[in-house]
Structures are given as structure tokens and as C-alpha cells.
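Engineer: Before I ask anything, let me first share the structure, which is written out below as C-alpha cells.
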Amino acid sequence: MNKTLLLILCDFLLLNLLALTRWDKAEPRPQPPPAAADKTTQDTAPAATAKDDIVAVMRLSLEDERKQRDTLAQQLESTQSTADQLAAERARLEAERQRLERERAALDQNLTQTRERAEKTAAELTAQLTTTKTQATTAAERAAALERDLAARAAEVEKREKELADLAARQAEAQKQIENLNVTVRVAEQEKNLLRETAQNLRLQVDAERKEREKVQETTTQLATGVSQLAEHSADLTKEIRESRPINANTLFNDFLANRVRVDVTARRSSFLGQINRVREARTIFVNDGATTYALLHIDDTPFSVRESGADWEQITATYTPPKGGARQTIPALHFLKLDPRLIAVPVTPEQLSSFGVKTYKTALDPYRFPEAVLISNGGAGYGELPFKLDPATPGYVKVENRFFRRVFGDFSPNRGDLVLSKTGELLGVMVNNDYCVVIGAFAPSATINTGYDLKERQPTSALLDTQAGRYRALPLRLQ
């Protein structure tokens, strides 16, 4: 039988027994007669034994019940302890869950912030990459410019070495000439003494001949008057014939080669890449407008440019080199002309002009007499005849017809800075681009750059060059 069920039945019987039992004091029974005493004792003995059994059973049941209750109490205490532990564990788990929820929310927020920061960082990296590419391109351009400057420096060094070698050769030649002159001076002294003796003898003859010459002079004066009148008419006639007859292109080019002069212009300034040196060399002619004499250059024949921002050059030097050799001569200034911002007039003194011994060209008084002109390219690299025509939209300029180039001598094409001579041998103008030639009239400077050192303090050149660049940009596109 199930132990639990047995305990329940025992409890039930115990409760019934307790409920039905009279616990008040029992009344005394009357004393039986002695004769009957043994019989009563014999009758009640079995009843007392049965009652003792029930009491013993009940005691056992109570003992078992007590043990069961103790066990249940222990189990209850254990269960209560377990329940408390479970409640504590549940509270801990709830707190852990809440903590995890908070951590999850924080992680979600951190993830969002991290994603935003990642997107922002990606945008910044993209911008930095673009900036880096731009800086790399700029650095490459600067490196290319530096390489060009280094090449120009190397060319300048080589050029200076050649000039030093030429100077040494000229010094040796000059020393030889000095020795020859010393010999010549000694011979001249001897000749001078001989001539002094001869002069005394001739003085007497001169006195006699003076009288005879006075007579002849009177006759000569009369003849000279007639000859002068005839010469004036002949000169006017010769000039008119010369101006009416075009000069051959070969003759003009040969004349140019014999009278061209070399102009060197050097400019130096400092930059973040180091020293920048620009050296330009050009061959041109001296031109007179009736008042002053200049050598004409295109701005591309100088270190300057109208297609870039002006810079403050620290040093500018310019020199002439005579066509037949000799020491270089300094040029004090460079003039930008009002005719066109790309034209630069280089002044020349009468002493320099006399020492060079070259022809001075004149500006054309009638530049449109002949429909053709002679173009001389790159200081004498080539030449040829070409037609030109007036363009009403560009007064002061003539348009060169490149398509009808004929009798070209040399491998070249018209370019900026080429000189254009009229068929009468006068200067017509200078090519300002591949199609247009500016007609030279009078030399009227608009701005002047002085040569020398420390120009950044004495005469900053950036504003002046920016002004010329502004004049250039204001020209019609066809003239740029």
C-alpha cells in the first residue's frame, strides 16, 4: 500500500479516536461481590489488551506523523530555500536581462555612431584622396617646371663656357695685335721723321700752288653750282625710281643677315622651388622712326609672357652682341610699345650704333605700296614672299595670307616675332601671331622696365606685367 495513503488513514483513525474518546473522570463502579471478582477480572483483561494495542499503534502513527512532519518541514525549508534561490536567480537573471538590453541599446547606438563615423571618415578620405591627387598633379607640374629650369641652367652654363672660350681667344688675338701695333708704332715714328723733312720741302711748293689753286677754285665754284643743281634733280629721280621698284627678296634677306644684331635678355627670381633663371636670345635689326632708333623684339623673345601672371623679377640683364664680334654692350631698359603689348623696343645709343657699323632700317612711309612683303623668320632661319591685305576690323594690323605662301626659302612657317619687310627695304611690321602683323609707325612706349639688380625693391615688375597681360586679353581674339 502507498505509504502516503497509509499515513492518511492513520491520521483519520487517530482523529476519530480523539473525537470519540471521553476524557473526563470516570465514575467509580460499585464493588462487585468477592465471589464475582475473579470473573470480572478475567472478563476485562482482554479489553485492556486491545486498548493498549490501539494506543501503541496510535503512538507509532504519531511517531511516524512526527517524523513525516519533520521531513516535510525539512523539505519545506529546502523548498523555501530553493524558491528563495530561484527568486534570487530570477532577479539576477532579470537584472542581467535588463543589463543586456541596455548593452544592446548601447551597442546599437555605438553601431549607428560607428556607421556615421565610418561614412564621415570615408567622405573625408575621398576628399583627402582628391586633394592628394591634386597635390600630386601640382607637384608633377612643379617638377616639370623645375626640370625645364634645370635644362635652361645647363644651357646657360654651356653658353657661358663657350663665351669664356671665345673671350680667351679674343684676348690672345688682342695681345697679338698689341705686339703688331708696337712694331707699327716704331715704324710710324721713323716715317714721321721722314715726313717732317719732306713737309718742309713741300711747304714751299704749297705756297706756289696756293695762288694757282685760288684761280682754279673760282672756276670750280661756278661748275659746282651747276653740278649741285643737277645732283639734286638726280637724287630725287633716283629716290623715286628706287621707291617705285621692288627689291628682290634674296637681296633683302642678304642685307638682313649682314645687319642683324644679337640681343640677350636674362631674368632671375626666387621661388619655393629655388632659383628661376630664364634666358632668351634673339636676332633683330635697328629701326628708326624718324626720331629715335630701337631694336624691335616680340615678348616671346624675352623671359616675360602675357599669358601668365606677372612676377616680381629680382634681376634683369640685357646686352647687345655686335654682328662682327666684340665685347657685349649693356642695355639699360626695355620699353613696351602702345602699338601692341607684345612689342618691346630696346633702346640703342648713337655710340653703340656707330660702333656696331650696321645699317639702320626705317619704318615704311607707304607700307601698302606693294601687295606683297618679305617675311624673315626666327632671326634669319628662313624667308619668303607672301601677300597681305588690310582688315577693316583690325586697324593698325595687316592679315598675312599663309595659304598663298610662295617662293619660300627655308623650312619654316610664319610665327610670332617674325619680321616683315616691305618690298622697298623698309620695316613694315612684326608678326604678333601666325596670321596678323602689326604695322610699325612711331615708337611710343607705354611702360618701361629698367634692367639691373635688386629690382624687387627698386621697381617691382608684377603690376607692370599684369597690365600688359590685361591689354593683351582686351585685344580681339583674332589678334591674340
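FYI, nothing fancy with the C-alpha cells labels: chains A, B, ... in order, residues from 1 per chain, ligands from 1 as they appear.
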Compile the contact shell of Phe272 of chain A as a tab-separated table (two decimals) with N, CA and C atoms, in the first residue's frame: residues with an atom at most 12 Å away, counting only C-alpha atoms, same-chain residues fewer than 4 positions apart removed.
Structural biologist:
chain	number	residue	atom	x	y	z
A	139	ALA	N	52.49	68.83	-57.92
A	139	ALA	CA	53.91	68.51	-57.71
A	139	ALA	C	54.57	68.06	-59.01
A	142	ARG	N	55.17	71.10	-60.99
A	142	ARG	CA	56.32	71.83	-60.45
A	142	ARG	C	57.62	71.12	-60.80
A	143	ALA	N	57.59	69.79	-60.74
A	143	ALA	CA	58.80	69.04	-61.09
A	143	ALA	C	59.17	69.26	-62.55
A	146	LEU	N	60.61	72.63	-62.82
A	146	LEU	CA	61.98	72.60	-62.28
A	146	LEU	C	62.94	71.95	-63.26
A	276	ILE	N	64.82	80.64	-60.21
A	276	ILE	CA	64.28	80.51	-61.57
A	276	ILE	C	65.06	81.46	-62.46
Engineer: What parts of segment 329-449 of chain A does DSSP call alpha helix (DSSP H)? I'd like the answer as a PyMOL selection string.
Structural biologist: chain A and resi 350-356
Engineer: Need to verify the contact set: segment 441-454 of chain A, 6 Å, only C-alpha atoms, exclusion of same-chain residues closer than 2 positions in sequence. Can you return it as a PyMOL selection string?
Structural biologist: chain A and resi 289+314-317+332-338+456-457
Engineer: Go ahead and save the picked residues with N, CA and C atoms, as a tab-separated table (two decimals), in the first residue's frame.
Structural biologist:
chain	number	residue	atom	x	y	z
A	289	ASP	N	62.34	105.54	-86.51
A	289	ASP	CA	61.02	106.05	-86.92
A	289	ASP	C	61.07	107.51	-87.33
A	314	GLU	N	63.83	89.68	-59.70
A	314	GLU	CA	64.84	90.31	-58.85
A	314	GLU	C	65.99	90.88	-59.68
A	315	GLN	N	66.27	90.28	-60.82
A	315	GLN	CA	67.40	90.73	-61.65
A	315	GLN	C	67.04	90.55	-63.12
A	316	ILE	N	67.27	91.59	-63.91
A	316	ILE	CA	67.05	91.55	-65.36
A	316	ILE	C	68.27	92.18	-66.02
A	317	THR	N	68.89	91.45	-66.93
A	317	THR	CA	70.02	91.97	-67.69
A	317	THR	C	69.74	91.80	-69.17
A	332	PRO	N	70.11	99.45	-71.05
A	332	PRO	CA	69.65	99.98	-69.75
A	332	PRO	C	68.18	99.75	-69.46
A	333	ALA	N	67.34	99.56	-70.50
A	333	ALA	CA	65.89	99.47	-70.25
A	333	ALA	C	65.21	98.74	-71.40
A	334	LEU	N	63.97	98.30	-71.14
A	334	LEU	CA	63.12	97.67	-72.14
A	334	LEU	C	61.78	98.40	-72.13
A	335	HIS	N	61.30	98.82	-73.34
A	335	HIS	CA	60.07	99.61	-73.45
A	335	HIS	C	58.96	98.77	-74.08
A	336	PHE	N	57.79	98.71	-73.43
A	336	PHE	CA	56.59	98.12	-74.03
A	336	PHE	C	55.90	99.21	-74.87
A	337	LEU	N	55.56	98.89	-76.13
A	337	LEU	CA	55.01	99.89	-77.03
A	337	LEU	C	53.49	99.97	-76.92
A	338	LYS	N	52.94	101.15	-77.22
A	338	LYS	CA	51.50	101.34	-77.22
A	338	LYS	C	50.83	100.63	-78.38
A	456	LYS	N	63.30	93.96	-57.21
A	456	LYS	CA	62.13	93.71	-56.36
A	456	LYS	C	61.90	94.86	-55.39
A	457	GLU	N	62.99	95.53	-54.96
A	457	GLU	CA	62.85	96.68	-54.07
A	457	GLU	C	62.74	97.97	-54.87
Engineer: Taking the backbone alone, and naming residues the way the document does, which bits of segment 186-430 of chain A are strand (DSSP E) by DSSP, as number ranges by chain?
Structural biologist: A: 261-271, 274-284, 286-288, 293-298, 315-321, 329-330, 333-337, 343-347, 360-362, 372-377, 382-390, 397-400, 406-409, 419-422, 427-430
Engineer: Between A:Tyr472, A:Gly429, A:Ala155, A:Leu129, which residue has the minimum interatomic distance to Leu365 of chain A, considering only C-alpha atoms?
Structural biologist: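 Among the listed residues, the smallest separation from Leu365 of chain A belongs to A:Gly429.
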Engineer: Which polymer residues have any atom within 8 Å of an atom of Val279 of chain A, counting only C-alpha atoms, with same-chain residues fewer than 6 positions away left out, as a list in words?
Structural biologist: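 Using only C-alpha atoms, the neighbours found are Ala152, Glu156, Asp264, Val265, Thr266, Ala267, Thr302 and Pro303 of chain A.
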Engineer: Calculated over only C-alpha atoms, which of the candidates A:Val263, A:Val420, A:Val358, A:Ala122 has the smallest distance to Pro387 of chain A?
Structural biologist: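 Closest residue, counting only C-alpha atoms: A:Val420.
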Engineer: When distances are computed from only C-alpha atoms, which of A:Arg115, A:Leu13, A:Arg280, A:Leu419 shows the smallest separation from Lys159 of chain A?
Structural biologist: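 Residue with the minimum atom-to-atom distance to Lys159 of chain A: A:Arg280.
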Engineer: Name the residues in contact with Pro350 of chain A at a cut-off of 12 Å, using only C-alpha atoms, excluding same-chain residues fewer than 2 positions from it; report them as a PyMOL selection string.
Structural biologist: chain A and resi 286+288+292-294+347-348+352-358+360
Engineer: Could you state the separation of atom CA of Val346 of chain A and atom CA of Pro322 of chain A in Å, given to one decimal place?
Structural biologist: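 About the pair atom CA of Val346 of chain A and atom CA of Pro322 of chain A: they are 14.7 Å apart.
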Engineer: One number please: atom CA of Arg268 of chain A to atom CA of Gly417 of chain A, in Å, one decimal.
Structural biologist: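 If I compute the distance from atom CA of Arg268 of chain A to atom CA of Gly417 of chain A, I get 22.9 Å.
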Engineer: Restricting the calculation to only C-alpha atoms, which member of A:Ala345, A:Ala311, A:Val439, A:Leu62 is positioned closest to Gln459 of chain A?
Structural biologist: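 Answer, going by the shortest atom-to-atom distance: A:Ala311.
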Engineer: Between atom CA of Lys3 of chain A and atom CA of Arg69 of chain A, what is the spacing in Å?
Structural biologist: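 Atom CA of Lys3 of chain A lies at a distance of 13.9 Å from atom CA of Arg69 of chain A.
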Engineer: Between A:Leu343, A:Ala136, A:Ala83, A:Ala393, which one has atoms that come closest to Leu297 of chain A, using only C-alpha atoms?
Structural biologist: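 For Leu297 of chain A, the nearest of the given residues is A:Leu343.
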Engineer: Residues near Tyr436 of chain A, anyone? I mean within 12 Å using only C-alpha atoms, not counting same-chain ones fewer than 4 positions away, as a PyMOL selection string.
Structural biologist: chain A and resi 340+387-391+393-402+414-420+429-432+476-480
Engineer: Those same residues - C-alpha atoms - I'd like them written as a compact mmCIF listing (two decimals), in the first residue's frame.
Structural biologist:
# COMPACT_ATOMS: atom_id res chain seq x y z
CA ASP A 340 50.74 96.25 -79.11
CA PRO A 387 50.79 88.57 -99.88
CA PHE A 388 48.93 90.54 -97.24
CA LYS A 389 45.73 92.56 -97.12
CA LEU A 390 44.07 95.13 -94.91
CA ASP A 391 41.37 94.05 -92.47
CA ALA A 393 38.06 95.12 -88.33
CA THR A 394 41.69 95.39 -87.14
CA PRO A 395 43.14 98.84 -87.95
CA GLY A 396 46.88 99.04 -87.48
CA TYR A 397 47.30 95.38 -88.47
CA VAL A 398 47.52 93.56 -91.80
CA LYS A 399 46.49 89.96 -92.38
CA VAL A 400 49.07 87.65 -93.92
CA GLU A 401 47.77 85.15 -96.48
CA ASN A 402 49.53 81.95 -95.39
CA PRO A 414 55.05 82.30 -90.13
CA ASN A 415 55.22 82.62 -86.39
CA ARG A 416 55.13 85.18 -83.60
CA GLY A 417 58.06 87.59 -83.67
CA ASP A 418 58.90 87.22 -87.39
CA LEU A 419 59.94 90.49 -89.06
CA VAL A 420 58.07 91.70 -92.16
CA GLY A 429 55.94 95.39 -89.03
CA VAL A 430 56.23 92.37 -86.73
CA MET A 431 54.09 89.21 -86.68
CA VAL A 432 52.07 89.16 -83.43
CA PRO A 476 40.10 90.79 -80.27
CA LEU A 477 40.50 87.02 -80.33
CA ARG A 478 41.83 87.06 -83.89
CA LEU A 479 44.75 89.23 -82.75
CA GLN A 480 45.64 87.12 -79.68
